[in-house]
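Q: Before we start, here is the structure in question, set down as C-alpha cells.
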Amino acid sequence: MMLKKVPIQEKELEDYREFFANDLMLEIKKLSESLSGKKIVHINATSRLGGGGVAEILHSLIPLMRNLKINAEWHTINPPVNFFEITNKIHNGLQGKNDKLTESEKKFYLKQSEIISKEIEKLNASLYVIHDPQPLLAASFSKKIRPAVSRIHIDLSSPNSDTWNFIFPYFSSYQKIILSIHEFINGNLPPEKVAVFPPAIDPLVAKNSPLKKEYARLVLENLGINPSQPIVSQVSRLDFFKDPIGVIKAFYLAKKNIPNLQLILLAQNLADDNPCSKKIFREVKRYTRGDPDIFLFYDPKEIKYDNDTLVSAVQTASDVIIQKSLKEGFGLTVAEAMWKGKAVIAGRVGGIKVQIRDGYNGYLVSTVEHCASRIEELLKDKSLRETFGRRAKKSVAKNFLIPRLLRDHLKIAGEIMKK
Ligand code: UDP
C-alpha cells in the first residue's frame with residue numbers, strides 16, 4: 001500500500017476560545033458551513049510527531065476541521081525508502097543547494113509518483129491538499145485528483161535551476177499554491193495562483209502547554225544539565241539548513257566570555273523522510289569534540305523523557321533559544337519558543353523574518369559571530385530577555401496560533417470548491 005490513513009484524535013474548537021477573538025470564531029463557523037460534509041484530503045510524507053513541522057500542523061488542523069463537520073482526512077505516502085533520498089535532494093535543491101538528480105533518480109521518482117497517484121485518486125475527495133515536494137507529482141498523473149492545492153512549506157525564493165526546471169511544470173496541475181511568505185513567490189510561479197499565509201502552532205498540545213519552570217529545570221537536571229548555569233538551546237532536526245555546526249561555533253565563541261555556558265541541541269531522529277540525518281549526526285557529534293557542556297539529544301531510545309516533555313522543558317528552562325537556520329520556510333520552533341516567552345536569536349531568513357522583529361521581540365542574525373555576540377548580550381541582560389519574551393508571546397498570540405490557520409485553510413477551500 002502506498003498510502004496510509006492517519007488516525008485522527010478528536011479536538012474541540014470551543015476549547016480554543018480563550019486564544020482568539022469572537023469575530024474569528026464567527027468567521028470560522030461561517031466559512032465551514034458550505035464545507036460541511038465535504039471530503040477534504042490532506043497528503044504528506046510523514047505523520048510522525050517530531051518528524052518536522054508539517055506533521056505537527058496536520059495533527060491539529062485535521063481534527064479541528066472534523067470538529068466543524070468537514071469530512072477531513074489525512075493520508076501519508078509510504079514509498080520505498082530510497083524515494084525519500086531523492087525527495088530530500090529535491091527539498092535541498094528547491095532551497096538552493098546544488099543537489100542534482102540523476103536521470104535514473106528522476107525516473108524512479110516519476111514512477112513512484114504515478115503509483116501514489118493511482119491510490120490518491122481512489123480517495124474520491126472534493127478537494128486534495130498536497131503538502132511539500134514529496135507527493136507533489138501525483139496530481140499530474142491523474143485528472144481525478146482535482147481540485148488540488150499544493151501547500152509548500154519550504155523556501156522557494158532561490159532554487160537551483162536544475163531542480164526548479166524539473167519541478168516547476170508539475171505545479172500546473174494545481175488550482176492553488178500556498179506559500180508561507182510573499183518572498184517565496186519566485187519568478188515564474190503565476191501570482192494569481194499563489195496564496196500566502198504562514199503556519200501556526202497549537203497552544204493546547206503538550207509541547208506548547210506551560211510547564212512549571214521548576215519541573216522543566218528538574219527534567220534538564222535529570223539529563224545531566226545544570227539548570228543554575230546559563231543554557232542556550234536549539235530544537236531542530238539535524239539538517240544542513242538548520243546549521244547545527246554554526247550553532248556550535250557560536251556557542252564556542254560565546255563561551256570564551258561565559259565559561260560556564262551550556263548548549264542543548266535537541267534533535268531527535270523521529271522522521272522517516274530524512275535519511276541524511278545520520279550522516280549529519282556523526283558530523284555534528286565530531287564537532288562537539290566531546291565537550292561536556294554540549295548536550296546533543298538524537299536517539300529517542302536513549303532518552304528517558306518523551307518528545308513533548310523534552311521540547312517543552314528545553315524551551316522553558318533555557319535562557320536563550322537559538323534557531324540559526326540558513327533557510328527556513330517558517331520555523332515552528334521559533335513560534336513555540338516565543339509562545340513560551342523566550343528571547344529567540346534566529347537566522348535572518350525566510351519565515352523567521354515574519355516572526356521576529358529584530359531588536360523588538362528577538363534578534364535576527366546572519367553570521368556565527370553575530371549570533372555569538374547576541375548570545376552574550378542577552379545572557380548578561382535578564383530584563384531585555386524578559387522584555388523580548390513578553391513581546392514574543394504577544395505576537396504569537398496575535399498571528400501564529402492554529403485558529404487563524406484554520407480560518408485561512410477554510411477560506412481557500414471554500415473559494416476553490418465554489419468554482
Ligand atoms: N521537534 C521535536 N523534537 C525534536 C526536534 C524538533 O518535536 O527533537 C519538532 C519541533 O518542536 C517543531 C517541529 O519538530 O514542532 C519542527 O518544525 P519546524 O517548522 O521548526 O521545522 P521543520 O523540521 O519542519 O523544517
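Labels used: A, B, ... for chains in the order of the C-alpha cells, numbers from 1 for residues in each chain, and numbers from 1 for ligands as shown.
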Please give me, as an mmCIF file with all heavy atoms, in the first residue's frame, the residues lying within 6 Å of ligand 1 when counting only C-alpha atoms and all ligand atoms.

A:
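Resulting contents of result.cif:
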```cif
data_model
loop_
_atom_site.group_PDB
_atom_site.id
_atom_site.type_symbol
_atom_site.label_atom_id
_atom_site.label_comp_id
_atom_site.auth_asym_id
_atom_site.auth_seq_id
_atom_site.Cartn_x
_atom_site.Cartn_y
_atom_site.Cartn_z
ATOM 1 N N GLY A 50 7.253 15.250 15.818
ATOM 2 C CA GLY A 50 8.683 15.497 15.988
ATOM 3 C C GLY A 50 9.427 15.257 14.689
ATOM 4 O O GLY A 50 10.616 15.503 14.591
ATOM 5 N N GLY A 51 8.697 14.772 13.693
ATOM 6 C CA GLY A 51 9.334 14.498 12.408
ATOM 7 C C GLY A 51 9.436 15.737 11.546
ATOM 8 O O GLY A 51 9.920 15.683 10.432
ATOM 9 N N GLY A 52 8.956 16.832 12.057
ATOM 10 C CA GLY A 52 9.002 18.065 11.278
ATOM 11 C C GLY A 52 7.695 18.807 11.422
ATOM 12 O O GLY A 52 6.724 18.299 12.000
ATOM 13 N N GLY A 53 7.695 20.018 10.903
ATOM 14 C CA GLY A 53 6.588 20.921 11.126
ATOM 15 C C GLY A 53 5.257 20.502 10.519
ATOM 16 O O GLY A 53 4.202 20.761 11.100
ATOM 17 N N VAL A 54 5.313 19.861 9.343
ATOM 18 C CA VAL A 54 4.051 19.582 8.645
ATOM 19 C C VAL A 54 3.183 18.616 9.452
ATOM 20 O O VAL A 54 1.974 18.833 9.634
ATOM 21 C CB VAL A 54 4.318 19.027 7.224
ATOM 22 C CG1 VAL A 54 3.005 18.806 6.497
ATOM 23 C CG2 VAL A 54 5.199 19.982 6.439
ATOM 24 N N GLU A 56 3.274 18.124 12.570
ATOM 25 C CA GLU A 56 2.850 18.881 13.755
ATOM 26 C C GLU A 56 1.556 19.659 13.461
ATOM 27 O O GLU A 56 0.596 19.633 14.239
ATOM 28 C CB GLU A 56 3.984 19.862 14.081
ATOM 29 C CG GLU A 56 3.943 20.477 15.432
ATOM 30 C CD GLU A 56 4.220 19.491 16.550
ATOM 31 O OE1 GLU A 56 5.025 18.563 16.365
ATOM 32 O OE2 GLU A 56 3.584 19.645 17.611
ATOM 33 N N VAL A 235 16.326 23.623 19.100
ATOM 34 C CA VAL A 235 15.474 22.437 18.943
ATOM 35 C C VAL A 235 15.222 22.272 17.451
ATOM 36 O O VAL A 235 14.482 23.052 16.861
ATOM 37 C CB VAL A 235 14.112 22.651 19.660
ATOM 38 C CG1 VAL A 235 13.195 21.449 19.458
ATOM 39 C CG2 VAL A 235 14.321 22.926 21.144
ATOM 40 N N SER A 236 15.851 21.299 16.825
ATOM 41 C CA SER A 236 15.708 21.155 15.371
ATOM 42 C C SER A 236 16.219 19.834 14.858
ATOM 43 O O SER A 236 17.232 19.337 15.359
ATOM 44 C CB SER A 236 16.529 22.225 14.644
ATOM 45 O OG SER A 236 15.727 23.265 14.210
ATOM 46 N N ARG A 237 15.562 19.316 13.838
ATOM 47 C CA ARG A 237 16.097 18.160 13.122
ATOM 48 C C ARG A 237 17.534 18.464 12.706
ATOM 49 O O ARG A 237 17.886 19.625 12.506
ATOM 50 C CB ARG A 237 15.334 17.936 11.810
ATOM 51 C CG ARG A 237 13.921 17.612 11.933
ATOM 52 C CD ARG A 237 13.267 17.438 10.563
ATOM 53 N NE ARG A 237 13.171 18.679 9.793
ATOM 54 C CZ ARG A 237 13.762 18.893 8.628
ATOM 55 N NH1 ARG A 237 14.535 17.968 8.088
ATOM 56 N NH2 ARG A 237 13.596 20.027 7.963
ATOM 57 N N LEU A 266 18.581 19.784 20.765
ATOM 58 C CA LEU A 266 17.536 18.760 20.817
ATOM 59 C C LEU A 266 17.148 18.442 19.389
ATOM 60 O O LEU A 266 16.491 19.237 18.708
ATOM 61 C CB LEU A 266 16.331 19.266 21.622
ATOM 62 C CG LEU A 266 15.147 18.301 21.715
ATOM 63 C CD1 LEU A 266 15.552 16.943 22.235
ATOM 64 C CD2 LEU A 266 14.045 18.893 22.573
ATOM 65 N N ALA A 267 17.596 17.283 18.938
ATOM 66 C CA ALA A 267 17.444 16.942 17.520
ATOM 67 C C ALA A 267 17.089 15.477 17.418
ATOM 68 O O ALA A 267 17.849 14.671 16.893
ATOM 69 C CB ALA A 267 18.754 17.218 16.798
ATOM 70 N N GLN A 268 15.944 15.137 17.973
ATOM 71 C CA GLN A 268 15.598 13.723 17.983
ATOM 72 C C GLN A 268 15.322 13.236 16.573
ATOM 73 O O GLN A 268 14.684 13.916 15.785
ATOM 74 C CB GLN A 268 14.373 13.508 18.857
ATOM 75 C CG GLN A 268 14.678 13.820 20.291
ATOM 76 C CD GLN A 268 13.771 13.056 21.200
ATOM 77 O OE1 GLN A 268 13.990 11.893 21.480
ATOM 78 N NE2 GLN A 268 12.726 13.712 21.642
ATOM 79 N N ASN A 307 9.101 12.962 23.753
ATOM 80 C CA ASN A 307 9.479 14.120 22.934
ATOM 81 C C ASN A 307 8.816 15.428 23.383
ATOM 82 O O ASN A 307 9.476 16.458 23.507
ATOM 83 C CB ASN A 307 9.150 13.817 21.467
ATOM 84 C CG ASN A 307 9.536 14.959 20.546
ATOM 85 O OD1 ASN A 307 10.691 15.355 20.485
ATOM 86 N ND2 ASN A 307 8.552 15.508 19.861
ATOM 87 N N VAL A 311 10.770 18.802 24.522
ATOM 88 C CA VAL A 311 10.695 20.066 23.782
ATOM 89 C C VAL A 311 10.251 21.170 24.738
ATOM 90 O O VAL A 311 10.865 22.243 24.829
ATOM 91 C CB VAL A 311 9.724 19.971 22.570
ATOM 92 C CG1 VAL A 311 9.485 21.355 21.956
ATOM 93 C CG2 VAL A 311 10.271 19.014 21.527
ATOM 94 N N PHE A 330 9.202 28.446 7.614
ATOM 95 C CA PHE A 330 8.560 29.217 8.684
ATOM 96 C C PHE A 330 9.374 29.067 9.968
ATOM 97 O O PHE A 330 9.919 30.031 10.495
ATOM 98 C CB PHE A 330 7.116 28.746 8.896
ATOM 99 C CG PHE A 330 6.402 29.476 10.005
ATOM 100 C CD1 PHE A 330 6.057 30.819 9.867
ATOM 101 C CD2 PHE A 330 6.096 28.824 11.199
ATOM 102 C CE1 PHE A 330 5.413 31.504 10.903
ATOM 103 C CE2 PHE A 330 5.447 29.501 12.230
ATOM 104 C CZ PHE A 330 5.109 30.841 12.087
ATOM 105 N N GLY A 331 9.476 27.817 10.441
ATOM 106 C CA GLY A 331 10.190 27.569 11.698
ATOM 107 C C GLY A 331 9.220 27.560 12.863
ATOM 108 O O GLY A 331 9.133 28.518 13.635
ATOM 109 N N LEU A 332 8.468 26.457 12.979
ATOM 110 C CA LEU A 332 7.538 26.325 14.115
ATOM 111 C C LEU A 332 8.279 26.455 15.436
ATOM 112 O O LEU A 332 7.746 26.963 16.417
ATOM 113 C CB LEU A 332 6.847 24.963 14.093
ATOM 114 C CG LEU A 332 5.802 24.699 13.010
ATOM 115 C CD1 LEU A 332 5.229 23.303 13.175
ATOM 116 C CD2 LEU A 332 4.682 25.730 13.071
ATOM 117 N N THR A 333 9.534 25.988 15.455
ATOM 118 C CA THR A 333 10.283 26.011 16.712
ATOM 119 C C THR A 333 10.456 27.447 17.232
ATOM 120 O O THR A 333 10.504 27.666 18.437
ATOM 121 C CB THR A 333 11.672 25.383 16.532
ATOM 122 O OG1 THR A 333 12.298 26.022 15.430
ATOM 123 C CG2 THR A 333 11.574 23.900 16.286
#
```

Q: Just list as a ChimeraX atom specification whatever in region 66-298 of chain A DSSP marks as strand (DSSP E).

A: /A:71-77,127-131,148-151,176-179,194-196,231-235,262-266,294-297

Q: So, with only C-alpha atoms as the atoms that count, which of A:Leu64, A:Leu35, A:Met417, A:Leu401 lies closest to Phe20 (chain A)?

A: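 Closest to Phe20 (chain A), using only C-alpha atoms: A:Leu401.
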
Q: Quick one: of A:Pro244, A:Gly224, A:Pro79, A:Pro403, who's nearest to Asn22 (chain A), counting only C-alpha atoms?

A: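 Smallest separation from Asn22 (chain A) among the options: A:Pro403.
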
Q: Skipping near chain neighbours, those fewer than 3 positions away, what residues fall within 8 Å of Ile416 (chain A) using only C-alpha atoms, listed as a PDB file with C-alpha atoms, in the first residue's frame?

A:
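Wrote it out as part_18.pdb, contents follow:
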```pdb
ATOM      1  CA  PRO A 147      -9.346  20.270  -7.494  1.00  0.00           C
ATOM      2  CA  GLN A 175      -5.569  25.231  -8.764  1.00  0.00           C
ATOM      3  CA  ILE A 412      -9.159  28.860   0.434  1.00  0.00           C
ATOM      4  CA  ALA A 413     -11.040  25.537   0.357  1.00  0.00           C
ATOM      5  CA  LYS A 419     -15.535  27.410  -8.746  1.00  0.00           C
TER       6      LYS A 419
END
```

Q: A:Ser318, A:Asn82, A:Asn67, A:Thr102: which is nearest Ser36 (chain A), counting only C-alpha atoms?

A: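 Residue with the minimum atom-to-atom distance to Ser36 (chain A): A:Asn67.
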
Q: For Lys29 (chain A), which residue among A:Arg357, A:Lys411, A:Lys107, A:Lys278 is the nearest when counting only C-alpha atoms?

A: A:Lys411

Q: Each residue of region 33-125 of chain A with at least one atom at most 8 Å from region 162-171 of chain A should appear once, together with its nearest atom pair and the corresponding distance in Å (one decimal); atoms considered: only C-alpha atoms; ordering: chain, then increasing residue number; output as a Markdown table.

A:
```
| residue | atom | partner | partner_atom | distance |
| --- | --- | --- | --- | --- |
| A:Ile90 | CA | A:Thr163 | CA | 6.4 |
| A:Gly93 | CA | A:Thr163 | CA | 5.5 |
| A:Leu94 | CA | A:Thr163 | CA | 6.2 |
| A:Lys100 | CA | A:Asp162 | CA | 6.9 |
| A:Leu101 | CA | A:Thr163 | CA | 7.6 |
```

Q: Store the residues picked out above in a file with N, CA and C atoms, as a PDB file, in the first residue's frame.

A:
```pdb
ATOM      1  N   ILE A  90      15.557  16.915  -3.698  1.00  0.00           N
ATOM      2  CA  ILE A  90      14.666  17.921  -4.301  1.00  0.00           C
ATOM      3  C   ILE A  90      14.408  19.049  -3.297  1.00  0.00           C
ATOM      4  N   GLY A  93      17.469  21.098  -3.229  1.00  0.00           N
ATOM      5  CA  GLY A  93      17.606  21.839  -4.492  1.00  0.00           C
ATOM      6  C   GLY A  93      16.635  23.010  -4.547  1.00  0.00           C
ATOM      7  N   LEU A  94      15.402  22.780  -4.080  1.00  0.00           N
ATOM      8  CA  LEU A  94      14.415  23.869  -4.106  1.00  0.00           C
ATOM      9  C   LEU A  94      14.826  24.989  -3.157  1.00  0.00           C
ATOM     10  N   LYS A 100      21.955  17.777  -7.468  1.00  0.00           N
ATOM     11  CA  LYS A 100      21.292  17.404  -8.731  1.00  0.00           C
ATOM     12  C   LYS A 100      20.744  15.984  -8.698  1.00  0.00           C
ATOM     13  N   LEU A 101      19.625  15.787  -9.396  1.00  0.00           N
ATOM     14  CA  LEU A 101      19.082  14.440  -9.533  1.00  0.00           C
ATOM     15  C   LEU A 101      19.672  13.784 -10.774  1.00  0.00           C
TER      16      LEU A 101
END
```

Q: Measuring between only C-alpha atoms, which one of A:Lys301, A:Arg146, A:Arg289, A:Lys342 shows the shortest distance to Lys382 (chain A)?

A: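 Between A:Lys301, A:Arg146, A:Arg289, A:Lys342, the residue approaching Lys382 (chain A) most closely is A:Lys342.
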
Q: For Glu121 (chain A), please output as number ranges by chain all residues within 8 Å (counting only C-alpha atoms; exclusion window: fewer than 5 positions along the same chain).

A: A: 142, 144-145

Q: Tell me, as number ranges by chain, which residues lie within 8 Å of Pro135 (chain A), counting only C-alpha atoms; anything in the same chain fewer than 6 positions away does not count.

A: A: 43-45, 77, 113, 116

Q: Limited to N, CA, C and O atoms, could you put the picked residues into a file as a PDB file, in the first residue's frame?

A:
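Written output follows (again.pdb):
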```pdb
ATOM      1  N   ILE A  43      -2.500  15.296   2.127  1.00  0.00           N
ATOM      2  CA  ILE A  43      -1.499  14.241   1.902  1.00  0.00           C
ATOM      3  C   ILE A  43      -0.104  14.803   2.124  1.00  0.00           C
ATOM      4  O   ILE A  43       0.216  15.896   1.639  1.00  0.00           O
ATOM      5  N   ASN A  44       0.698  14.067   2.899  1.00  0.00           N
ATOM      6  CA  ASN A  44       2.091  14.496   3.073  1.00  0.00           C
ATOM      7  C   ASN A  44       2.977  13.277   3.290  1.00  0.00           C
ATOM      8  O   ASN A  44       2.546  12.131   3.088  1.00  0.00           O
ATOM      9  N   ALA A  45       4.224  13.517   3.719  1.00  0.00           N
ATOM     10  CA  ALA A  45       5.192  12.426   3.772  1.00  0.00           C
ATOM     11  C   ALA A  45       5.192  11.654   5.085  1.00  0.00           C
ATOM     12  O   ALA A  45       5.441  10.452   5.096  1.00  0.00           O
ATOM     13  N   ILE A  77       2.158   9.175   2.456  1.00  0.00           N
ATOM     14  CA  ILE A  77       2.631   8.265   1.406  1.00  0.00           C
ATOM     15  C   ILE A  77       3.607   7.274   2.036  1.00  0.00           C
ATOM     16  O   ILE A  77       4.223   7.550   3.058  1.00  0.00           O
ATOM     17  N   SER A 113       5.643   8.248  -8.114  1.00  0.00           N
ATOM     18  CA  SER A 113       4.587   9.260  -8.027  1.00  0.00           C
ATOM     19  C   SER A 113       3.340   8.777  -8.763  1.00  0.00           C
ATOM     20  O   SER A 113       2.210   9.020  -8.334  1.00  0.00           O
ATOM     21  N   ILE A 116       1.632   6.312  -6.565  1.00  0.00           N
ATOM     22  CA  ILE A 116       0.952   7.038  -5.480  1.00  0.00           C
ATOM     23  C   ILE A 116      -0.348   7.673  -6.013  1.00  0.00           C
ATOM     24  O   ILE A 116      -1.399   7.621  -5.365  1.00  0.00           O
TER      25      ILE A 116
END
```

Q: Which one of A:Ala21, A:Ile154, A:Ile115, A:Leu61 sits closest to Phe141 (chain A) if you count only C-alpha atoms?

A: A:Ile115

Q: Write out as a PDB file with C-alpha atoms, in the first residue's frame which residues come within 9 Å of Asp319 (chain A) when counting only C-alpha atoms, dropping same-chain ones fewer than 5 positions away.

A:
```pdb
ATOM      1  CA  PRO A 230      23.409  29.566  31.633  1.00  0.00           C
ATOM      2  CA  ILE A 231      21.801  27.438  28.911  1.00  0.00           C
ATOM      3  CA  VAL A 232      21.269  28.140  25.221  1.00  0.00           C
ATOM      4  CA  SER A 233      19.411  25.642  23.044  1.00  0.00           C
ATOM      5  CA  LYS A 342      11.585  33.193  25.399  1.00  0.00           C
ATOM      6  CA  ALA A 343      14.079  35.504  23.768  1.00  0.00           C
ATOM      7  CA  LEU A 378      21.135  38.504  26.139  1.00  0.00           C
ATOM      8  CA  LEU A 379      22.702  36.306  28.785  1.00  0.00           C
ATOM      9  CA  LYS A 382      17.814  39.441  32.124  1.00  0.00           C
ATOM     10  CA  ARG A 385      15.344  38.775  27.761  1.00  0.00           C
TER      11      ARG A 385
END
```

Q: What does the distance between CA of Tyr360 (chain A) and CA of Arg391 (chain A) come to in Å, to one decimal place?

A: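 We find that CA of Tyr360 (chain A) and CA of Arg391 (chain A) lie 7.5 Å from each other.
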
Q: Write out as an MDAnalysis selection string each polymer residue whose atoms come within 10 Å of Ile28 (chain A), counting only C-alpha atoms; drop sequence neighbours fewer than 2 positions from it.

A: chainID A and resid 13 22:26 30:33 65 68 403:404 406:411
